[in-house]
Amino acid sequence: MAYGSIEGQKRLQDYVNRFIDALTSQNGTQLSALLAITSSPFRDAVGSALDLVKDPSRIIKQVDKHAPLGEMLGHHIRCMQAYRHRRYLDAYNSLEKSANPFLQEFRNWESAWAMKALHTVVFELRTLAELADREMANNGKVPDKLKGAGSFLMKVFGALAGKGPKRVGALYVTCQLFKVYFKLGTVHLCRSVIRSIETARVFDFEEFPTRDKVTYMYYTGRLEVFNDNFIQADKKLWYALGHCDPSKDANIRMILKYLVPVKLSLGILPNEWLLRKYHIMEYNDIVQALRRGDIRLLRYALQANEDQFLRSGVYLVLEKLELQVYQRLMKKIHLIQKQKDPSKAHQIKMDSILKALKWLQIDMDIDEVECIMATLIHKNLMRGYLSHKSKVVVLSKQDPFPLLSGKPCA
C-alpha cells in the first residue's frame, strides 16, 4: 500500500474518531467544529486525505455503531474535498445530502446538545448555496441552490418550533432565512416566519440569545423601512443598536446605514462624528442639506451616492426628505423677513422664495413653488395658508414650523 494512501487513512481515521467522540460525549462545540466547511480546521486535512484514499467507506461506517450517521458523514467529507478544490456546486450538493439525515437524527435527540452543530450546518448550507449559485451563473446556468437552501432552512425551523428546549435555536435559523430571502429579493416570505416568532406562544423573545435578537431586529427593522413604517423601524433598529456588541464596528455600521435614514425621516439629525467614526459619510451632505435648507446639496448628495443608496434600499426614503429641506429653507426666509420687517414676518412673498431658489441654482416657476408650499401646509410641516391672488404665503403667528417630534411627515 502506498505511503500516501496510509497517511490519508490515518487522517480520515483521526477525523472519524473525533466525530464519534463528539457524538458519544454529546459535545456540541466539538461537533460544530467538525462539521464546519468554510472556516474549518479539519477541511484541508480531510479533503487532501480523500484525494489519497479511494474508498473511505470502511472507516466511515465505524460511525454507525454509535448513530446512523455514517452515510451522512460520507457526504460531508466529500463536501470538504469539493470545497477545497473550489468546486462549490459539488460542495453544496454533497452538503445538502449530508444535512438532511443530520436533521433527521437531530429530531430524534431529546435534548438540544447538538444545537450549535445544527446551526453550523445551516450557516454552511446557506453560504455554499450562494457560492454555488455564483458558479452556476458564471457557467451560464440558472442559479437555484439558494432557493433550495431556503426550503431546507424552513424544515429546520419547523423542527425547532416546538415547546421543548430546542426552541431557543429557532431565531438563529430565522435570521439565516432572512439572509436568504433578502438575497433572493423575496422579502415577502419573511412575513410568515415573523408571525411564527411573534405570535406563537411557545416562543419568548427574551429567552433567545442576544446575538440572534440583534440580527432579528436588524432585519425586521429593514423590512419596516421598506414599508415606510419609520416609527416601528426606529424601535427595531434602535433595539439592535442598543444590544449590539460595542466592539463590533462593522455590525454597528450595518445597523446605522438604515437607522440614520429613519432618524432623518423623523426629524432627528446625527452628529458628524458618528458618521465619520462608522464610515457612513455618504449621509453627511444630506444632513448638512437638512440643517441649511439647501435643496441643491440634497440633490447633489443623492446623485453622487445613488448606486449605494439604491443597493441599500434607502434611496426613496432619502428622496422624501426634500420636503423637510424646503421646510428648513422657509424657516430661514422667515427669519430674514422677521429681521427686515417684524410686522410682516408672517407674510412671505412668492418672489422671495423664487429668489432664494434661484440663489441655490434651482430653476422653478411660481406654479411649482405654490405646489410645494401647499404640500408643506398639507403635510403639517408649515402652518398657514396660501394666498394665490396676492402670491403670498401667510404663516401662522403661533409655531409656524411644527417639529416632527419623532413622527414622519405623512
# chains A, B, ... in the order shown; residues from 1 in each chain; ligands from 1
>>> residues_around(residues="Phe208 of chain A", least_positions_apart="3", cutoff="12 Å", atoms="only C-alpha atoms", output="list of chain:residue names")
A:Pro165, A:Lys166, A:Arg167, A:Val168, A:Gly169, A:Ala170, A:Leu171, A:Tyr172, A:Val173, A:Thr174, A:Ile197, A:Val202, A:Phe203, A:Asp204, A:Phe205, A:Arg211, A:Asp212, A:Lys213, A:Val214, A:Thr215, A:Tyr216
>>> select_by_dssp(residues="segment 136-335 of chain A", states="alpha helix (DSSP H)", output="PyMOL selection string")
chain A and resi 136-138+145-160+170-184+190-199+210-226+230-243+249-265+272-277+284-292+295-304+306-312+315-319+322-335
>>> closest_residue(among="A:Leu404, A:Val393, A:Ser343, A:Gly221", to="Ile268 of chain A", atoms="only C-alpha atoms")
A:Leu404
>>> residues_around(residues="segment 346-360 of chain A", least_positions_apart="5", cutoff="12 Å", atoms="only C-alpha atoms", output="ChimeraX atom specification")
/A:289,292-300,325-327,329-341,365-373,382-401
>>> residues_around(residues="Ala91 of chain A", least_positions_apart="4", cutoff="6 Å", atoms="only C-alpha atoms", output="mmCIF file with N, CA and C atoms, in the first residue's frame")
data_model
loop_
_atom_site.group_PDB
_atom_site.id
_atom_site.type_symbol
_atom_site.label_atom_id
_atom_site.label_comp_id
_atom_site.auth_asym_id
_atom_site.auth_seq_id
_atom_site.Cartn_x
_atom_site.Cartn_y
_atom_site.Cartn_z
ATOM 1 N N CYS A 79 -18.031 16.937 0.671
ATOM 2 C CA CYS A 79 -18.233 18.389 0.597
ATOM 3 C C CYS A 79 -16.931 19.120 0.906
ATOM 4 N N ALA A 82 -14.618 18.797 -2.108
ATOM 5 C CA ALA A 82 -15.030 19.650 -3.233
ATOM 6 C C ALA A 82 -14.750 21.117 -2.932
ATOM 7 N N TYR A 83 -15.021 21.540 -1.697
ATOM 8 C CA TYR A 83 -14.773 22.943 -1.335
ATOM 9 C C TYR A 83 -13.284 23.255 -1.433
#
>>> atom_distance(atom1="atom CA of Gln232 of chain A", atom2="atom CA of Gly162 of chain A")
28.1 Å
>>> residues_around(residues="Ala33 of chain A", least_positions_apart="6", cutoff="12 Å", atoms="only C-alpha atoms", output="ChimeraX atom specification")
/A:15,18-19,22,27,39-43,114,116-121,124
>>> closest_atom_pairs(of="segment 25-56 of chain A", to="segment 8-13 of chain A", cutoff="6 Å", atoms="only C-alpha atoms", output="tab-separated table")
residue	atom	partner	partner_atom	distance
A:Ala49	CA	A:Gly8	CA	4.0
A:Leu52	CA	A:Gly8	CA	5.6
A:Val53	CA	A:Gly8	CA	5.9
>>> atom_distance(atom1="atom CA of Tyr181 of chain A", atom2="atom CA of Arg253 of chain A")
21.4 Å
>>> decode(residues="segment 384-398 of chain A", atoms="all heavy atoms", output="short mmCIF file (atom, residue, chain, number, x, y, z; two decimals), in the first residue's frame")
data_model
loop_
_atom_site.label_atom_id
_atom_site.label_comp_id
_atom_site.auth_asym_id
_atom_site.auth_seq_id
_atom_site.Cartn_x
_atom_site.Cartn_y
_atom_site.Cartn_z
N GLY A 384 -50.21 77.65 8.09
CA GLY A 384 -50.59 78.91 7.46
C GLY A 384 -51.49 78.62 6.28
O GLY A 384 -52.12 77.56 6.19
N TYR A 385 -51.53 79.58 5.36
CA TYR A 385 -52.33 79.37 4.15
C TYR A 385 -51.67 80.10 2.99
O TYR A 385 -50.80 80.95 3.16
CB TYR A 385 -53.78 79.84 4.34
CG TYR A 385 -53.95 81.31 4.60
CD1 TYR A 385 -54.14 82.21 3.53
CD2 TYR A 385 -53.94 81.82 5.90
CE1 TYR A 385 -54.31 83.56 3.76
CE2 TYR A 385 -54.11 83.17 6.14
CZ TYR A 385 -54.29 84.04 5.06
OH TYR A 385 -54.45 85.39 5.29
N LEU A 386 -52.11 79.73 1.81
CA LEU A 386 -51.54 80.27 0.58
C LEU A 386 -52.53 81.22 -0.07
O LEU A 386 -53.67 80.85 -0.33
CB LEU A 386 -51.22 79.09 -0.37
CG LEU A 386 -50.47 79.39 -1.66
CD1 LEU A 386 -49.09 79.95 -1.37
CD2 LEU A 386 -50.36 78.10 -2.47
N SER A 387 -52.08 82.47 -0.28
CA SER A 387 -52.92 83.44 -0.98
C SER A 387 -52.49 83.46 -2.44
O SER A 387 -51.48 84.08 -2.80
CB SER A 387 -52.77 84.83 -0.37
OG SER A 387 -53.48 85.78 -1.13
N HIS A 388 -53.25 82.73 -3.26
CA HIS A 388 -52.89 82.63 -4.67
C HIS A 388 -52.99 83.99 -5.36
O HIS A 388 -52.15 84.35 -6.19
CB HIS A 388 -53.81 81.61 -5.35
CG HIS A 388 -53.57 81.47 -6.82
ND1 HIS A 388 -52.46 80.83 -7.33
CD2 HIS A 388 -54.29 81.91 -7.91
CE1 HIS A 388 -52.52 80.86 -8.65
NE2 HIS A 388 -53.62 81.51 -9.03
N LYS A 389 -54.02 84.78 -5.00
CA LYS A 389 -54.24 86.08 -5.63
C LYS A 389 -53.10 87.05 -5.33
O LYS A 389 -52.59 87.73 -6.23
CB LYS A 389 -55.56 86.66 -5.14
CG LYS A 389 -55.94 87.98 -5.80
CD LYS A 389 -57.29 88.46 -5.30
CE LYS A 389 -57.66 89.80 -5.95
NZ LYS A 389 -58.98 90.29 -5.48
N SER A 390 -52.66 87.07 -4.08
CA SER A 390 -51.61 88.02 -3.68
C SER A 390 -50.21 87.44 -3.86
O SER A 390 -49.21 88.16 -3.65
CB SER A 390 -51.80 88.42 -2.21
OG SER A 390 -53.08 88.97 -2.00
N LYS A 391 -50.11 86.17 -4.20
CA LYS A 391 -48.81 85.50 -4.35
C LYS A 391 -48.01 85.60 -3.05
O LYS A 391 -46.83 85.94 -3.04
CB LYS A 391 -48.01 86.10 -5.51
CG LYS A 391 -48.72 86.11 -6.86
CD LYS A 391 -49.02 84.69 -7.34
CE LYS A 391 -49.70 84.70 -8.70
NZ LYS A 391 -50.12 83.34 -9.11
N VAL A 392 -48.67 85.23 -1.95
CA VAL A 392 -48.06 85.34 -0.63
C VAL A 392 -48.38 84.07 0.19
O VAL A 392 -49.49 83.53 0.11
CB VAL A 392 -48.58 86.58 0.13
CG1 VAL A 392 -48.12 86.56 1.60
CG2 VAL A 392 -48.10 87.85 -0.56
N VAL A 393 -47.40 83.63 0.96
CA VAL A 393 -47.63 82.59 1.96
C VAL A 393 -47.83 83.28 3.30
O VAL A 393 -46.95 84.02 3.76
CB VAL A 393 -46.45 81.60 2.04
CG1 VAL A 393 -46.70 80.58 3.16
CG2 VAL A 393 -46.22 80.90 0.72
N VAL A 394 -48.97 83.08 3.90
CA VAL A 394 -49.27 83.70 5.19
C VAL A 394 -49.07 82.64 6.27
O VAL A 394 -49.82 81.67 6.35
CB VAL A 394 -50.71 84.25 5.24
CG1 VAL A 394 -50.96 84.93 6.59
CG2 VAL A 394 -50.93 85.23 4.09
N LEU A 395 -48.04 82.85 7.09
CA LEU A 395 -47.70 81.87 8.13
C LEU A 395 -48.48 82.13 9.41
O LEU A 395 -48.84 83.27 9.72
CB LEU A 395 -46.20 81.93 8.44
CG LEU A 395 -45.24 81.60 7.29
CD1 LEU A 395 -43.80 81.85 7.74
CD2 LEU A 395 -45.40 80.15 6.85
N SER A 396 -48.72 81.05 10.14
CA SER A 396 -49.34 81.19 11.46
C SER A 396 -48.40 81.95 12.38
O SER A 396 -47.18 81.75 12.35
CB SER A 396 -49.62 79.80 12.04
OG SER A 396 -50.01 79.89 13.38
N LYS A 397 -48.95 82.83 13.20
CA LYS A 397 -48.12 83.59 14.15
C LYS A 397 -47.69 82.73 15.34
O LYS A 397 -46.77 83.09 16.06
CB LYS A 397 -48.87 84.83 14.63
CG LYS A 397 -49.10 85.84 13.51
CD LYS A 397 -49.80 87.09 14.02
CE LYS A 397 -49.99 88.10 12.89
NZ LYS A 397 -50.69 89.33 13.36
N GLN A 398 -48.37 81.59 15.53
CA GLN A 398 -48.03 80.67 16.61
C GLN A 398 -47.44 79.38 16.02
O GLN A 398 -48.13 78.64 15.34
CB GLN A 398 -49.30 80.34 17.43
CG GLN A 398 -49.92 81.52 18.13
CD GLN A 398 -49.03 82.09 19.20
OE1 GLN A 398 -48.31 81.36 19.89
NE2 GLN A 398 -49.04 83.41 19.36
#
